[in-house]
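**Student:** To be precise about what I am sending: the file is called run.cif and holds mmCIF, C-alpha atoms; chains and numbers go by the auth columns.
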```cif
data_protein
loop_
_atom_site.group_PDB
_atom_site.id
_atom_site.type_symbol
_atom_site.label_atom_id
_atom_site.label_comp_id
_atom_site.label_asym_id
_atom_site.label_seq_id
_atom_site.Cartn_x
_atom_site.Cartn_y
_atom_site.Cartn_z
_atom_site.B_iso_or_equiv
_atom_site.auth_seq_id
_atom_site.auth_asym_id
ATOM 1 C CA MET A 1 95.934 99.967 56.974 0.00 23 H
ATOM 2 C CA ALA A 2 92.718 100.489 58.913 0.00 24 H
ATOM 3 C CA ARG A 3 93.557 97.652 61.294 0.00 25 H
ATOM 4 C CA PHE A 4 96.987 99.147 61.926 0.00 26 H
ATOM 5 C CA LEU A 5 95.465 102.532 62.781 0.00 27 H
ATOM 6 C CA ALA A 6 92.966 100.857 65.097 0.00 28 H
ATOM 7 C CA PHE A 7 95.849 99.043 66.777 0.00 29 H
ATOM 8 C CA VAL A 8 97.740 102.308 67.284 0.00 30 H
ATOM 9 C CA VAL A 9 94.642 104.033 68.673 0.00 31 H
ATOM 10 C CA ILE A 10 94.121 101.247 71.213 0.00 32 H
ATOM 11 C CA LEU A 11 97.843 100.989 72.023 0.00 33 H
ATOM 12 C CA ILE A 12 98.121 104.594 73.225 0.00 34 H
ATOM 13 C CA PRO A 13 95.703 104.247 76.192 0.00 35 H
ATOM 14 C CA ILE A 14 97.265 100.895 77.085 0.00 36 H
ATOM 15 C CA LEU A 15 100.665 102.576 77.340 0.00 37 H
ATOM 16 C CA MET A 16 99.150 105.447 79.347 0.00 38 H
ATOM 17 C CA THR A 17 97.645 102.983 81.814 0.00 39 H
ATOM 18 C CA ALA A 18 100.918 101.089 82.146 0.00 40 H
ATOM 19 C CA GLY A 19 102.827 104.340 82.687 0.00 41 H
ATOM 20 C CA GLY A 20 100.378 105.384 85.389 0.00 42 H
ATOM 21 C CA ILE A 21 100.791 102.072 87.188 0.00 43 H
ATOM 22 C CA LYS A 22 104.576 102.443 86.996 0.00 44 H
ATOM 23 C CA LEU A 23 104.479 105.955 88.453 0.00 45 H
ATOM 24 C CA MET A 24 102.235 104.849 91.325 0.00 46 H
ATOM 25 C CA ARG A 25 104.446 101.822 92.011 0.00 47 H
ATOM 26 C CA ASP A 26 107.588 103.955 92.024 0.00 48 H
ATOM 27 C CA THR A 27 105.930 106.346 94.475 0.00 49 H
ATOM 28 C CA ILE A 28 105.051 103.517 96.848 0.00 50 H
ATOM 29 C CA PHE A 29 108.695 102.421 96.836 0.00 51 H
ATOM 30 C CA SER A 30 109.899 106.067 97.258 0.00 52 H
ATOM 31 C CA LYS A 31 111.631 106.262 93.888 0.00 53 H
ATOM 32 C CA LEU A 32 111.323 109.792 92.535 0.00 54 H
ATOM 33 C CA ILE A 33 111.375 110.078 88.733 0.00 55 H
ATOM 34 C CA GLU A 34 113.163 113.106 87.217 0.00 56 H
ATOM 35 C CA PRO A 35 110.436 115.536 86.045 0.00 57 H
ATOM 36 C CA PHE A 36 108.557 115.414 89.367 0.00 58 H
ATOM 37 C CA PRO A 37 109.779 117.506 92.324 0.00 59 H
ATOM 38 C CA VAL A 38 107.801 115.608 95.011 0.00 60 H
ATOM 39 C CA LEU A 39 106.428 112.096 95.447 0.00 61 H
ATOM 40 C CA TRP A 40 102.785 113.075 95.962 0.00 62 H
ATOM 41 C CA LEU A 41 102.713 114.892 92.603 0.00 63 H
ATOM 42 C CA GLN A 42 104.173 111.829 90.913 0.00 64 H
ATOM 43 C CA PHE A 43 101.443 109.679 92.476 0.00 65 H
ATOM 44 C CA ILE A 44 98.651 112.032 91.375 0.00 66 H
ATOM 45 C CA VAL A 45 99.972 112.103 87.798 0.00 67 H
ATOM 46 C CA GLY A 46 100.121 108.299 87.912 0.00 68 H
ATOM 47 C CA ILE A 47 96.505 108.083 89.036 0.00 69 H
ATOM 48 C CA LEU A 48 95.410 110.498 86.312 0.00 70 H
ATOM 49 C CA LEU A 49 97.270 108.579 83.601 0.00 71 H
ATOM 50 C CA PHE A 50 95.872 105.284 84.851 0.00 72 H
ATOM 51 C CA LEU A 51 92.298 106.569 84.991 0.00 73 H
ATOM 52 C CA ALA A 52 92.492 108.262 81.584 0.00 74 H
ATOM 53 C CA GLY A 53 93.763 105.107 79.899 0.00 75 H
ATOM 54 C CA PHE A 54 91.436 102.787 81.774 0.00 76 H
ATOM 55 C CA LEU A 55 88.326 104.885 81.149 0.00 77 H
ATOM 56 C CA PHE A 56 89.170 105.213 77.448 0.00 78 H
ATOM 57 C CA LEU A 57 89.495 101.438 77.133 0.00 79 H
ATOM 58 C CA ALA A 58 86.278 100.848 79.086 0.00 80 H
ATOM 59 C CA GLY A 59 84.378 103.324 76.913 0.00 81 H
ATOM 60 C CA PHE A 60 85.815 101.777 73.762 0.00 82 H
ATOM 61 C CA LEU A 61 84.694 98.293 74.796 0.00 83 H
ATOM 62 C CA LEU A 62 81.249 99.506 75.894 0.00 84 H
ATOM 63 C CA ASN A 63 80.729 101.324 72.607 0.00 85 H
ATOM 64 C CA ARG A 64 81.814 98.264 70.611 0.00 86 H
ATOM 65 C CA ASP A 65 79.535 95.950 72.581 0.00 87 H
ATOM 66 C CA ARG A 66 76.601 98.361 72.225 0.00 88 H
ATOM 67 C CA LYS A 67 77.007 98.269 68.447 0.00 89 H
ATOM 68 C CA LYS A 68 76.957 94.464 68.500 0.00 90 H
ATOM 69 C CA GLY A 69 74.016 94.334 70.937 0.00 91 H
ATOM 70 C CA LYS A 70 75.924 92.381 73.578 0.00 92 H
ATOM 71 C CA VAL A 71 75.125 94.552 76.609 0.00 93 H
ATOM 72 C CA SER A 72 72.177 94.379 78.971 0.00 94 H
ATOM 73 C CA GLU A 73 69.241 96.773 78.711 0.00 95 H
ATOM 74 C CA LYS A 74 70.483 99.153 81.400 0.00 96 H
ATOM 75 C CA PHE A 75 73.692 99.869 79.435 0.00 97 H
ATOM 76 C CA MET A 76 71.956 100.514 76.116 0.00 98 H
ATOM 77 C CA LYS A 77 71.707 104.140 75.016 0.00 99 H
ATOM 78 C CA ASN A 78 68.262 105.615 75.406 0.00 100 H
ATOM 79 C CA THR A 79 67.527 107.129 71.975 0.00 101 H
ATOM 80 C CA GLN A 80 63.866 107.926 72.589 0.00 102 H
ATOM 81 C CA THR A 81 62.867 111.536 72.045 0.00 103 H
ATOM 82 C CA LYS A 82 60.469 113.335 74.360 0.00 104 H
#
```
Starting from the coordinates I provided, produce the structure as structure tokens.
**Tutor:**
Amino acid sequence: MARFLAFVVILIPILMTAGGIKLMRDTIFSKLIEPFPVLWLQFIVGILLFLAGFLFLAGFLLNRDRKKGKVSEKFMKNTQTK
């Protein structure tokens, strides 16, 4: 069950990223999708969806690799107290 939930959690940002790419592509080819009144708004929503999904996936992978110790020193969290 835990693996299924992890799959669902990772599937949501993948779908967001794909939806953002589709909206940007449709804007480039001047195809207006129903809820958007103008093309530039559709493109901005596409960029936001793409960035949100992409940054979530990047953060997820960075966090996982930090736990396993597979990142270089400059990407490790600095946990020293002052």
**Student:** Any chance you could resolve the PyMOL selection byres ((chain H and resi 34) around 12) against this file and give the residues as a PyMOL selection string?
**Tutor:** chain H and resi 27-33+35-41+71-72+74-76+78-79
**Student:** Once you add 6 Å to each side, what are the centre and edge lengths of the axis-aligned box holding all listed atoms of stretch 81-93 of chain H? One decimal in Å, as AutoDock Vina command-line options, if you can.
**Tutor:**
```
--center_x 79.9 --center_y 97.9 --center_z 72.7 --size_x 23.8 --size_y 22.9 --size_z 20.5
```
**Student:** If you measure from atom CA of H:Phe26 to atom CA of H:Arg88, what distance in Å do you get, rounded to one decimal?
**Tutor:**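 Going from atom CA of H:Phe26 over to atom CA of H:Arg88 covers 22.9 Å.
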**Student:** Work out how far atom CA of H:Gly42 is from atom CA of H:Pro59, in Å to one decimal.
**Tutor:**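 Straight-line distance from atom CA of H:Pro59 to atom CA of H:Gly42 works out to 16.8 Å.
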**Student:** As a compact mmCIF listing (two decimals) with C-alpha atoms, in the coordinates of the input, please: the residues near H:Val67 (cut-off 12 Å, all atoms listed in the file, same-chain neighbours under 5 positions excluded).
**Tutor:**
```txt
# COMPACT_ATOMS: atom_id res chain seq x y z
CA MET H 38 99.15 105.45 79.35
CA THR H 39 97.64 102.98 81.81
CA GLY H 41 102.83 104.34 82.69
CA GLY H 42 100.38 105.38 85.39
CA ILE H 43 100.79 102.07 87.19
CA LYS H 44 104.58 102.44 87.00
CA LEU H 45 104.48 105.96 88.45
CA MET H 46 102.24 104.85 91.32
CA ARG H 47 104.45 101.82 92.01
CA ASP H 48 107.59 103.96 92.02
CA THR H 49 105.93 106.35 94.48
CA ILE H 55 111.38 110.08 88.73
CA PRO H 57 110.44 115.54 86.04
CA PHE H 58 108.56 115.41 89.37
CA VAL H 60 107.80 115.61 95.01
CA LEU H 61 106.43 112.10 95.45
CA TRP H 62 102.78 113.08 95.96
CA PHE H 72 95.87 105.28 84.85
CA LEU H 73 92.30 106.57 84.99
CA ALA H 74 92.49 108.26 81.58
```
**Student:** What is the atom CA of H:Ile50 to atom CA of H:Leu77 distance in Å?
**Tutor:** 23.0 Å
**Student:** Can I get stretch 28-63 of chain H with N, CA and C atoms filled in, as a PDB file, in the coordinates of the input?
**Tutor:**
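For reference, out_7.pdb as written:
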```
ATOM      1  N   ALA H  28      93.753 101.248  63.929  1.00  0.00           N
ATOM      2  CA  ALA H  28      92.966 100.857  65.097  1.00  0.00           C
ATOM      3  C   ALA H  28      93.875 100.312  66.192  1.00  0.00           C
ATOM      4  N   PHE H  29      94.894  99.570  65.804  1.00  0.00           N
ATOM      5  CA  PHE H  29      95.849  99.043  66.777  1.00  0.00           C
ATOM      6  C   PHE H  29      96.603 100.172  67.468  1.00  0.00           C
ATOM      7  N   VAL H  30      97.019 101.173  66.708  1.00  0.00           N
ATOM      8  CA  VAL H  30      97.740 102.308  67.284  1.00  0.00           C
ATOM      9  C   VAL H  30      96.832 103.092  68.226  1.00  0.00           C
ATOM     10  N   VAL H  31      95.583 103.288  67.831  1.00  0.00           N
ATOM     11  CA  VAL H  31      94.642 104.033  68.673  1.00  0.00           C
ATOM     12  C   VAL H  31      94.412 103.310  69.993  1.00  0.00           C
ATOM     13  N   ILE H  32      94.349 102.003  69.982  1.00  0.00           N
ATOM     14  CA  ILE H  32      94.121 101.247  71.213  1.00  0.00           C
ATOM     15  C   ILE H  32      95.416 101.064  71.999  1.00  0.00           C
ATOM     16  N   LEU H  33      96.559 101.151  71.338  1.00  0.00           N
ATOM     17  CA  LEU H  33      97.843 100.989  72.023  1.00  0.00           C
ATOM     18  C   LEU H  33      98.184 102.200  72.890  1.00  0.00           C
ATOM     19  N   ILE H  34      97.797 103.377  72.471  1.00  0.00           N
ATOM     20  CA  ILE H  34      98.121 104.594  73.225  1.00  0.00           C
ATOM     21  C   ILE H  34      97.524 104.573  74.632  1.00  0.00           C
ATOM     22  N   PRO H  35      96.217 104.297  74.819  1.00  0.00           N
ATOM     23  CA  PRO H  35      95.703 104.247  76.192  1.00  0.00           C
ATOM     24  C   PRO H  35      96.269 103.093  77.016  1.00  0.00           C
ATOM     25  N   ILE H  36      96.643 101.996  76.355  1.00  0.00           N
ATOM     26  CA  ILE H  36      97.265 100.895  77.085  1.00  0.00           C
ATOM     27  C   ILE H  36      98.602 101.345  77.658  1.00  0.00           C
ATOM     28  N   LEU H  37      99.380 102.061  76.857  1.00  0.00           N
ATOM     29  CA  LEU H  37     100.665 102.576  77.340  1.00  0.00           C
ATOM     30  C   LEU H  37     100.477 103.636  78.427  1.00  0.00           C
ATOM     31  N   MET H  38      99.434 104.463  78.307  1.00  0.00           N
ATOM     32  CA  MET H  38      99.150 105.447  79.347  1.00  0.00           C
ATOM     33  C   MET H  38      98.834 104.752  80.671  1.00  0.00           C
ATOM     34  N   THR H  39      98.017 103.716  80.605  1.00  0.00           N
ATOM     35  CA  THR H  39      97.645 102.983  81.814  1.00  0.00           C
ATOM     36  C   THR H  39      98.871 102.328  82.444  1.00  0.00           C
ATOM     37  N   ALA H  40      99.703 101.728  81.626  1.00  0.00           N
ATOM     38  CA  ALA H  40     100.918 101.089  82.146  1.00  0.00           C
ATOM     39  C   ALA H  40     101.860 102.121  82.761  1.00  0.00           C
ATOM     40  N   GLY H  41     101.989 103.275  82.133  1.00  0.00           N
ATOM     41  CA  GLY H  41     102.827 104.340  82.687  1.00  0.00           C
ATOM     42  C   GLY H  41     102.295 104.848  84.014  1.00  0.00           C
ATOM     43  N   GLY H  42     100.977 104.964  84.132  1.00  0.00           N
ATOM     44  CA  GLY H  42     100.378 105.384  85.389  1.00  0.00           C
ATOM     45  C   GLY H  42     100.622 104.391  86.507  1.00  0.00           C
ATOM     46  N   ILE H  43     100.516 103.109  86.188  1.00  0.00           N
ATOM     47  CA  ILE H  43     100.791 102.072  87.188  1.00  0.00           C
ATOM     48  C   ILE H  43     102.249 102.130  87.628  1.00  0.00           C
ATOM     49  N   LYS H  44     103.159 102.362  86.668  1.00  0.00           N
ATOM     50  CA  LYS H  44     104.576 102.443  86.996  1.00  0.00           C
ATOM     51  C   LYS H  44     104.871 103.639  87.902  1.00  0.00           C
ATOM     52  N   LEU H  45     104.255 104.774  87.606  1.00  0.00           N
ATOM     53  CA  LEU H  45     104.479 105.955  88.453  1.00  0.00           C
ATOM     54  C   LEU H  45     103.954 105.730  89.871  1.00  0.00           C
ATOM     55  N   MET H  46     102.782 105.115  89.993  1.00  0.00           N
ATOM     56  CA  MET H  46     102.235 104.849  91.325  1.00  0.00           C
ATOM     57  C   MET H  46     103.107 103.835  92.074  1.00  0.00           C
ATOM     58  N   ARG H  47     103.582 102.824  91.381  1.00  0.00           N
ATOM     59  CA  ARG H  47     104.446 101.822  92.011  1.00  0.00           C
ATOM     60  C   ARG H  47     105.756 102.449  92.490  1.00  0.00           C
ATOM     61  N   ASP H  48     106.345 103.289  91.643  1.00  0.00           N
ATOM     62  CA  ASP H  48     107.588 103.955  92.024  1.00  0.00           C
ATOM     63  C   ASP H  48     107.385 104.869  93.226  1.00  0.00           C
ATOM     64  N   THR H  49     106.225 105.494  93.323  1.00  0.00           N
ATOM     65  CA  THR H  49     105.930 106.346  94.475  1.00  0.00           C
ATOM     66  C   THR H  49     105.837 105.522  95.748  1.00  0.00           C
ATOM     67  N   ILE H  50     105.191 104.372  95.666  1.00  0.00           N
ATOM     68  CA  ILE H  50     105.051 103.517  96.848  1.00  0.00           C
ATOM     69  C   ILE H  50     106.416 103.075  97.356  1.00  0.00           C
ATOM     70  N   PHE H  51     107.357 102.831  96.439  1.00  0.00           N
ATOM     71  CA  PHE H  51     108.695 102.421  96.836  1.00  0.00           C
ATOM     72  C   PHE H  51     109.658 103.592  96.976  1.00  0.00           C
ATOM     73  N   SER H  52     109.132 104.831  97.041  1.00  0.00           N
ATOM     74  CA  SER H  52     109.899 106.067  97.258  1.00  0.00           C
ATOM     75  C   SER H  52     110.998 106.281  96.221  1.00  0.00           C
ATOM     76  N   LYS H  53     110.682 106.011  94.979  1.00  0.00           N
ATOM     77  CA  LYS H  53     111.631 106.262  93.888  1.00  0.00           C
ATOM     78  C   LYS H  53     111.096 107.439  93.085  1.00  0.00           C
ATOM     79  N   LEU H  54     111.764 108.575  93.199  1.00  0.00           N
ATOM     80  CA  LEU H  54     111.323 109.792  92.535  1.00  0.00           C
ATOM     81  C   LEU H  54     111.874 109.819  91.110  1.00  0.00           C
ATOM     82  N   ILE H  55     110.992 109.995  90.142  1.00  0.00           N
ATOM     83  CA  ILE H  55     111.375 110.078  88.733  1.00  0.00           C
ATOM     84  C   ILE H  55     111.689 111.545  88.415  1.00  0.00           C
ATOM     85  N   GLU H  56     112.566 111.796  87.479  1.00  0.00           N
ATOM     86  CA  GLU H  56     113.163 113.106  87.217  1.00  0.00           C
ATOM     87  C   GLU H  56     112.201 114.289  87.057  1.00  0.00           C
ATOM     88  N   PRO H  57     111.178 114.274  86.226  1.00  0.00           N
ATOM     89  CA  PRO H  57     110.436 115.536  86.045  1.00  0.00           C
ATOM     90  C   PRO H  57     109.575 115.951  87.243  1.00  0.00           C
ATOM     91  N   PHE H  58     109.424 115.114  88.236  1.00  0.00           N
ATOM     92  CA  PHE H  58     108.557 115.414  89.367  1.00  0.00           C
ATOM     93  C   PHE H  58     109.380 115.868  90.570  1.00  0.00           C
ATOM     94  N   PRO H  59     109.002 117.013  91.183  1.00  0.00           N
ATOM     95  CA  PRO H  59     109.779 117.506  92.324  1.00  0.00           C
ATOM     96  C   PRO H  59     109.455 116.789  93.642  1.00  0.00           C
ATOM     97  N   VAL H  60     108.220 116.268  93.768  1.00  0.00           N
ATOM     98  CA  VAL H  60     107.801 115.608  95.011  1.00  0.00           C
ATOM     99  C   VAL H  60     107.054 114.314  94.694  1.00  0.00           C
ATOM    100  N   LEU H  61     107.049 113.408  95.667  1.00  0.00           N
ATOM    101  CA  LEU H  61     106.428 112.096  95.447  1.00  0.00           C
ATOM    102  C   LEU H  61     104.913 112.176  95.280  1.00  0.00           C
ATOM    103  N   TRP H  62     104.247 113.030  96.042  1.00  0.00           N
ATOM    104  CA  TRP H  62     102.785 113.075  95.962  1.00  0.00           C
ATOM    105  C   TRP H  62     102.319 113.547  94.584  1.00  0.00           C
ATOM    106  N   LEU H  63     103.061 114.443  93.955  1.00  0.00           N
ATOM    107  CA  LEU H  63     102.713 114.892  92.603  1.00  0.00           C
ATOM    108  C   LEU H  63     102.899 113.755  91.600  1.00  0.00           C
TER     109      LEU H  63
END
```
